[in-house]
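J.: Have a look at this one.
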Amino acid sequence: MTLSEELTWRGFVNQTTFDDITALDGVSRKLYFGVDPSGRGMQIGNLAAALMVRHMAAHGHEVYLLVGGATGMIGDPDGKLDERDLKAVDEIATNKSEIARQYEQVFGGLNFHIVDNYDWFKNINYLDFLRDVGKHVPMSMMLGREFIQTRLGDGGNGISYAEFSYSLIQGYDFLHLYREHDVTLQVCGADQWGNSIAGVDLIRRIEGGEAHVYSVPLVINKATGRKFGKSEGGAIWLDPNQTSVYKFYQFWLNVDDEGVIDYMKMYTLLSKDEIDKIAAEQAAAPHTRVAQKRLAWEVTNLVHGEARTQAAVQATNVLFGDEAFDALNTDLLEILTNELPTIERVQTIIDGKDTAPTLMISEALVKAQVAKSKGEGRRLLAGGAITINGEKVFEDTMVSNTTLLKKGKNTFILIV
């Protein structure tokens, strides 16, 4: 497929300044896409945009990936009813580092450039900026933004000069990259259209040049009609410290049947033939959830790598399938330790020698608050409600090794 055909098939067609997106075919452009360090790296909404850019890079376009060190000092006010709290400088630095790491992971194997807008803003003189840039920005354009009118209108909470100027700062990014690297296209999220158009306008007014914007569509959960990418625990992050690899994998594993093939087109690098084949298998036997399983594997592997993805699959199979628990698998043990209530067996020293750690199953049930007393724990055992490493146990015995204890179908305890 041509790039325009692939973007159309994958569902990446949205608002753009191009008369026709076939303008992207057959010619190599320089484009940029940016993420502000307002959070610790990207969420999966950013990931959709990043993958669209990745397809552009694969079709021969030269990509600049921007880390918004300067814009992150202010924070994008668009869509916000209240003034943002400013981020601490060290927090911004940490977030920038994580965004750059995620760029390296998602765009691995392709040619790209990582740039930080703080590098060109840190030495700009304020008066020079007003004369050389601000003089070319009409107030009518800035005041016409919907979020500005909301914040300044009746009942609005007002807006600071810093946040009011945010679109001008982002617009200058485009102007700078146009001047220094011949970048003529910005790819942005659907909510960044106004900020991106500010850059197109600056390039036209100051340089007399032509530039374009291509926005990524908002991904909608077809089952709920709401924005895709939210879970009961909040946003889904690429940073494993924000969303664990196991929870990340589980999110994709549990997406709705109605939208799973569309999500696969946007969030994986699988070809049309591969996805069509998976769609046919899913339609023939939806109960097997073959599409969800493949989607979960592909996205988690792209973001977290094969070893961590395999550990997440094994953890899922151990907890909810029939795979045996392997206490020697360190990746699996790390995931389970982070996800499950964990109890340590007690080890004592007698006459200067270590004794074997001891813990009865009934004690573990009480410590994990699964049973109110050892007697209740023994009754659960006698009733066949407890399994140890996948095997039913009926008597209260000593736990001597790292063990996965399970009550019923969904209550787990890891004993280490």
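In the structure tokens, chains take the letters A, B, ... in the order shown, each chain's residues start at 1, and ligands count up from 1 in the order shown.
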Write down as a ChimeraX atom specification the residues belonging to range 155-260 of chain A that are assigned strand (DSSP E) by DSSP computed on the backbone.
T.: /A:185-189,212-216,230-231,234-235
J.: Find the residues near range 146-149 of chain A: any atom within 9 Å, counting only C-alpha atoms, skip ones fewer than 5 places away on the same chain, and give them as JSON, numbers by chain.
T.: {"A": [77, 78, 79, 80, 81, 156, 158, 159, 164]}
J.: Limited to N, CA and C atoms, could you put the picked residues into a file as an mmCIF file, in the first residue's frame?
T.:
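New file part_11.cif:
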```
data_model
loop_
_atom_site.group_PDB
_atom_site.id
_atom_site.type_symbol
_atom_site.label_atom_id
_atom_site.label_comp_id
_atom_site.auth_asym_id
_atom_site.auth_seq_id
_atom_site.Cartn_x
_atom_site.Cartn_y
_atom_site.Cartn_z
ATOM 1 N N PRO A 77 -2.600 24.447 28.336
ATOM 2 C CA PRO A 77 -3.871 24.754 29.005
ATOM 3 C C PRO A 77 -5.107 24.295 28.241
ATOM 4 N N ASP A 78 -4.925 23.861 26.997
ATOM 5 C CA ASP A 78 -6.078 23.512 26.174
ATOM 6 C C ASP A 78 -6.883 22.388 26.817
ATOM 7 N N GLY A 79 -8.193 22.624 26.971
ATOM 8 C CA GLY A 79 -9.070 21.629 27.574
ATOM 9 C C GLY A 79 -9.102 21.662 29.086
ATOM 10 N N LYS A 80 -8.289 22.509 29.697
ATOM 11 C CA LYS A 80 -8.233 22.590 31.156
ATOM 12 C C LYS A 80 -9.073 23.775 31.642
ATOM 13 N N LEU A 81 -9.896 23.550 32.662
ATOM 14 C CA LEU A 81 -10.744 24.610 33.198
ATOM 15 C C LEU A 81 -10.020 25.466 34.213
ATOM 16 N N GLY A 156 -15.849 31.606 34.035
ATOM 17 C CA GLY A 156 -14.531 31.009 33.802
ATOM 18 C C GLY A 156 -13.577 31.317 34.944
ATOM 19 N N GLY A 158 -10.412 32.178 34.600
ATOM 20 C CA GLY A 158 -9.305 33.033 34.198
ATOM 21 C C GLY A 158 -8.130 32.229 33.677
ATOM 22 N N ILE A 159 -7.134 32.945 33.179
ATOM 23 C CA ILE A 159 -5.949 32.291 32.627
ATOM 24 C C ILE A 159 -4.752 33.204 32.811
ATOM 25 N N PHE A 164 -1.699 31.532 28.543
ATOM 26 C CA PHE A 164 -2.241 32.187 27.359
ATOM 27 C C PHE A 164 -1.225 32.130 26.213
#
```
J.: Can you pull out every residue within 12 Å of range 6-14 of chain A, counting only C-alpha atoms, but drop anything in the same chain fewer than 4 positions away, and send it as a PyMOL selection string?
T.: chain A and resi 1-2+18+20-22+24-25+48-56+58-59+187-191+193+213-220+259+261-273+275-276
J.: Just write the chosen residues, N, CA and C atoms, as a short mmCIF file (atom, residue, chain, number, x, y, z; two decimals), in the first residue's frame.
T.:
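Here's the written file result.cif:
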```
data_model
loop_
_atom_site.label_atom_id
_atom_site.label_comp_id
_atom_site.auth_asym_id
_atom_site.auth_seq_id
_atom_site.Cartn_x
_atom_site.Cartn_y
_atom_site.Cartn_z
N MET A 1 0.83 -1.20 0.00
CA MET A 1 0.00 0.00 0.00
C MET A 1 0.87 1.25 0.00
N THR A 2 0.35 2.31 -0.58
CA THR A 2 0.99 3.61 -0.42
C THR A 2 0.75 4.09 1.01
N PHE A 18 -3.66 19.41 4.41
CA PHE A 18 -3.51 18.95 3.04
C PHE A 18 -4.87 18.89 2.35
N ASP A 20 -5.40 16.82 0.04
CA ASP A 20 -5.55 15.38 -0.14
C ASP A 20 -4.33 14.71 0.46
N ILE A 21 -4.54 13.65 1.26
CA ILE A 21 -3.39 13.05 1.94
C ILE A 21 -2.49 12.26 1.00
N THR A 22 -2.88 12.13 -0.27
CA THR A 22 -1.97 11.52 -1.23
C THR A 22 -0.73 12.39 -1.43
N LEU A 24 1.26 12.90 0.73
CA LEU A 24 2.28 12.23 1.52
C LEU A 24 2.95 11.09 0.75
N ASP A 25 2.40 10.74 -0.39
CA ASP A 25 2.92 9.60 -1.17
C ASP A 25 4.03 10.04 -2.11
N ALA A 48 -0.75 5.95 20.04
CA ALA A 48 -1.42 5.88 18.73
C ALA A 48 -0.79 6.87 17.76
N ALA A 49 -0.56 8.09 18.22
CA ALA A 49 0.06 9.11 17.37
C ALA A 49 1.49 8.70 17.00
N ALA A 50 2.23 8.18 17.98
CA ALA A 50 3.61 7.78 17.72
C ALA A 50 3.67 6.67 16.68
N LEU A 51 2.72 5.74 16.73
CA LEU A 51 2.72 4.65 15.76
C LEU A 51 2.34 5.14 14.37
N MET A 52 1.46 6.14 14.30
CA MET A 52 1.15 6.71 13.00
C MET A 52 2.42 7.34 12.41
N VAL A 53 3.17 8.04 13.25
CA VAL A 53 4.43 8.64 12.80
C VAL A 53 5.42 7.55 12.39
N ARG A 54 5.41 6.44 13.11
CA ARG A 54 6.31 5.33 12.77
C ARG A 54 6.01 4.80 11.37
N HIS A 55 4.73 4.70 11.02
CA HIS A 55 4.38 4.26 9.67
C HIS A 55 4.87 5.27 8.63
N MET A 56 4.80 6.55 8.97
CA MET A 56 5.31 7.58 8.06
C MET A 56 6.82 7.41 7.87
N ALA A 58 8.50 4.66 8.20
CA ALA A 58 8.73 3.43 7.44
C ALA A 58 8.51 3.64 5.94
N HIS A 59 7.70 4.65 5.61
CA HIS A 59 7.45 4.98 4.19
C HIS A 59 8.41 6.04 3.67
N VAL A 187 2.82 16.42 13.05
CA VAL A 187 1.79 15.44 13.40
C VAL A 187 1.42 15.68 14.86
N CYS A 188 0.13 15.74 15.14
CA CYS A 188 -0.32 16.09 16.48
C CYS A 188 -1.57 15.30 16.86
N GLY A 189 -1.87 15.29 18.13
CA GLY A 189 -3.13 14.74 18.60
C GLY A 189 -4.28 15.63 18.19
N ALA A 190 -5.48 15.08 18.15
CA ALA A 190 -6.64 15.86 17.72
C ALA A 190 -6.83 17.11 18.57
N ASP A 191 -6.44 17.05 19.84
CA ASP A 191 -6.63 18.19 20.75
C ASP A 191 -5.56 19.26 20.57
N TRP A 193 -4.70 20.64 17.56
CA TRP A 193 -4.86 21.29 16.26
C TRP A 193 -4.59 22.79 16.31
N VAL A 213 -0.18 20.50 8.80
CA VAL A 213 -0.49 19.78 10.04
C VAL A 213 -1.33 18.56 9.70
N TYR A 214 -1.06 17.46 10.38
CA TYR A 214 -1.85 16.23 10.24
C TYR A 214 -2.16 15.75 11.65
N SER A 215 -3.43 15.71 11.99
CA SER A 215 -3.80 15.31 13.36
C SER A 215 -4.26 13.86 13.40
N VAL A 216 -3.97 13.23 14.52
CA VAL A 216 -4.36 11.83 14.74
C VAL A 216 -5.78 11.81 15.29
N PRO A 217 -6.63 10.92 14.81
CA PRO A 217 -8.01 10.88 15.33
C PRO A 217 -8.04 10.44 16.79
N LEU A 218 -9.05 10.91 17.50
CA LEU A 218 -9.29 10.45 18.85
C LEU A 218 -9.81 9.02 18.79
N VAL A 219 -9.18 8.11 19.52
CA VAL A 219 -9.59 6.70 19.50
C VAL A 219 -10.73 6.51 20.49
N ILE A 220 -11.83 5.95 20.00
CA ILE A 220 -13.04 5.78 20.82
C ILE A 220 -13.26 4.31 21.12
N GLY A 259 -14.30 -3.58 19.07
CA GLY A 259 -13.25 -2.69 18.59
C GLY A 259 -11.88 -3.32 18.43
N ILE A 261 -10.30 -5.38 16.43
CA ILE A 261 -9.59 -5.37 15.14
C ILE A 261 -9.17 -3.96 14.78
N ASP A 262 -10.02 -2.97 15.07
CA ASP A 262 -9.63 -1.58 14.82
C ASP A 262 -8.44 -1.19 15.68
N TYR A 263 -8.42 -1.61 16.95
CA TYR A 263 -7.27 -1.31 17.82
C TYR A 263 -6.01 -1.98 17.28
N MET A 264 -6.17 -3.17 16.72
CA MET A 264 -5.03 -3.90 16.17
C MET A 264 -4.42 -3.15 15.00
N LYS A 265 -5.28 -2.56 14.18
CA LYS A 265 -4.78 -1.79 13.03
C LYS A 265 -3.97 -0.57 13.49
N MET A 266 -4.42 0.07 14.55
CA MET A 266 -3.77 1.31 14.99
C MET A 266 -2.56 1.06 15.88
N TYR A 267 -2.63 0.03 16.70
CA TYR A 267 -1.63 -0.13 17.75
C TYR A 267 -0.61 -1.24 17.52
N THR A 268 -0.66 -1.90 16.35
CA THR A 268 0.36 -2.89 16.04
C THR A 268 0.96 -2.59 14.69
N LEU A 269 2.05 -3.30 14.39
CA LEU A 269 2.71 -3.16 13.10
C LEU A 269 2.38 -4.32 12.18
N LEU A 270 1.38 -5.12 12.55
CA LEU A 270 0.97 -6.26 11.73
C LEU A 270 0.45 -5.78 10.38
N SER A 271 0.68 -6.59 9.36
CA SER A 271 0.24 -6.24 8.00
C SER A 271 -1.25 -6.47 7.83
N LYS A 272 -1.78 -5.97 6.73
CA LYS A 272 -3.21 -6.16 6.42
C LYS A 272 -3.55 -7.64 6.29
N ASP A 273 -2.69 -8.41 5.63
CA ASP A 273 -2.96 -9.84 5.47
C ASP A 273 -3.02 -10.55 6.82
N ILE A 275 -3.69 -9.20 9.80
CA ILE A 275 -4.85 -8.76 10.58
C ILE A 275 -6.14 -9.33 9.99
N ASP A 276 -6.23 -9.40 8.68
CA ASP A 276 -7.42 -10.00 8.05
C ASP A 276 -7.56 -11.46 8.46
#
```
J.: So which residues touch Thr224 in chain A within 12 Å, counting only C-alpha atoms, skipping near sequence neighbours fewer than 4 positions away, as a PyMOL selection string?
T.: chain A and resi 219-220+228-230+255-259
J.: Could you please take those selected residues and save N, CA and C atoms as a PDB file, in the first residue's frame?
T.:
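See result.pdb below for the written result:
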```
ATOM      1  N   VAL A 219      -9.183   8.111  19.517  1.00  0.00           N
ATOM      2  CA  VAL A 219      -9.588   6.703  19.498  1.00  0.00           C
ATOM      3  C   VAL A 219     -10.732   6.514  20.494  1.00  0.00           C
ATOM      4  N   ILE A 220     -11.828   5.947  20.005  1.00  0.00           N
ATOM      5  CA  ILE A 220     -13.035   5.782  20.820  1.00  0.00           C
ATOM      6  C   ILE A 220     -13.263   4.307  21.125  1.00  0.00           C
ATOM      7  N   PHE A 228     -10.866   5.981  24.334  1.00  0.00           N
ATOM      8  CA  PHE A 228     -10.162   4.730  24.560  1.00  0.00           C
ATOM      9  C   PHE A 228      -8.890   4.992  25.356  1.00  0.00           C
ATOM     10  N   GLY A 229      -8.554   4.054  26.238  1.00  0.00           N
ATOM     11  CA  GLY A 229      -7.273   4.169  26.929  1.00  0.00           C
ATOM     12  C   GLY A 229      -7.384   4.433  28.397  1.00  0.00           C
ATOM     13  N   LYS A 230      -8.601   4.385  28.933  1.00  0.00           N
ATOM     14  CA  LYS A 230      -8.789   4.572  30.367  1.00  0.00           C
ATOM     15  C   LYS A 230      -9.187   3.240  30.984  1.00  0.00           C
ATOM     16  N   VAL A 255      -9.789  -5.880  25.963  1.00  0.00           N
ATOM     17  CA  VAL A 255     -10.527  -4.908  25.152  1.00  0.00           C
ATOM     18  C   VAL A 255     -11.771  -5.565  24.568  1.00  0.00           C
ATOM     19  N   ASP A 256     -12.717  -4.724  24.142  1.00  0.00           N
ATOM     20  CA  ASP A 256     -14.013  -5.209  23.669  1.00  0.00           C
ATOM     21  C   ASP A 256     -13.902  -5.896  22.312  1.00  0.00           C
ATOM     22  N   ASP A 257     -14.782  -6.855  22.082  1.00  0.00           N
ATOM     23  CA  ASP A 257     -14.812  -7.587  20.812  1.00  0.00           C
ATOM     24  C   ASP A 257     -15.106  -6.660  19.637  1.00  0.00           C
ATOM     25  N   GLU A 258     -15.957  -5.683  19.879  1.00  0.00           N
ATOM     26  CA  GLU A 258     -16.395  -4.804  18.789  1.00  0.00           C
ATOM     27  C   GLU A 258     -15.247  -3.988  18.208  1.00  0.00           C
ATOM     28  N   GLY A 259     -14.305  -3.578  19.068  1.00  0.00           N
ATOM     29  CA  GLY A 259     -13.248  -2.690  18.592  1.00  0.00           C
ATOM     30  C   GLY A 259     -11.884  -3.324  18.430  1.00  0.00           C
TER      31      GLY A 259
END
```
J.: With only C-alpha atoms as the atoms that count, which of A:Leu336, A:Leu253, A:Val133, A:Leu177 lies nearest to Ile206 in chain A?
T.: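 With only C-alpha atoms as the atom set, the closest residue is A:Val133.
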J.: Using only C-alpha atoms, tabulate the residues of range 96-173 of chain A lying at most 10 Å from any atom of range 285-306 of chain A, each with its closest atom pair and that distance in Å to one decimal, by chain and increasing residue number, as a tab-separated table.
T.:
```
residue	atom	partner	partner_atom	distance
A:Gln102	CA	A:Val303	CA	7.5
A:Tyr103	CA	A:Val303	CA	9.7
A:Glu104	CA	A:Val303	CA	9.9
A:Gln105	CA	A:Val303	CA	6.4
A:Val106	CA	A:Val303	CA	6.2
A:Phe107	CA	A:Leu302	CA	9.2
A:Gly108	CA	A:Leu302	CA	9.1
```
J.: Save out the residues we just selected, C-alpha atoms, as a PDB file, in the first residue's frame.
T.:
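Result saved to selection-v4.pdb:
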```pdb
ATOM      1  CA  GLN A 102      10.051   5.403  25.071  1.00  0.00           C
ATOM      2  CA  TYR A 103      10.833   7.042  21.714  1.00  0.00           C
ATOM      3  CA  GLU A 104      13.890   4.792  21.443  1.00  0.00           C
ATOM      4  CA  GLN A 105      11.768   1.727  22.222  1.00  0.00           C
ATOM      5  CA  VAL A 106       8.807   2.450  19.939  1.00  0.00           C
ATOM      6  CA  PHE A 107      10.896   3.682  16.989  1.00  0.00           C
ATOM      7  CA  GLY A 108      13.609   1.049  17.327  1.00  0.00           C
TER       8      GLY A 108
END
```
J.: So, with only C-alpha atoms as the atoms that count, which of A:Asp19, A:Asp128, A:Glu62, A:Glu91 lies closest to Gln186 in chain A?
T.: A:Glu62
J.: Hey, what does DSSP flag as helix (DSSP H, G or I) within range 80-203 of chain A? Can you give it to me as a PyMOL selection string?
T.: chain A and resi 89-106+118-121+126-132+134-136+139-143+146-152+161-164+166-181+190-203
J.: Give me the residues within 12 Å of Leu404 in chain A as a PyMOL selection string, counting only C-alpha atoms and dropping any in the same chain fewer than 6 places off.
T.: chain A and resi 315+318-319+324-327+332-333+336-337+340-343+361+364-365+386-392+411-416
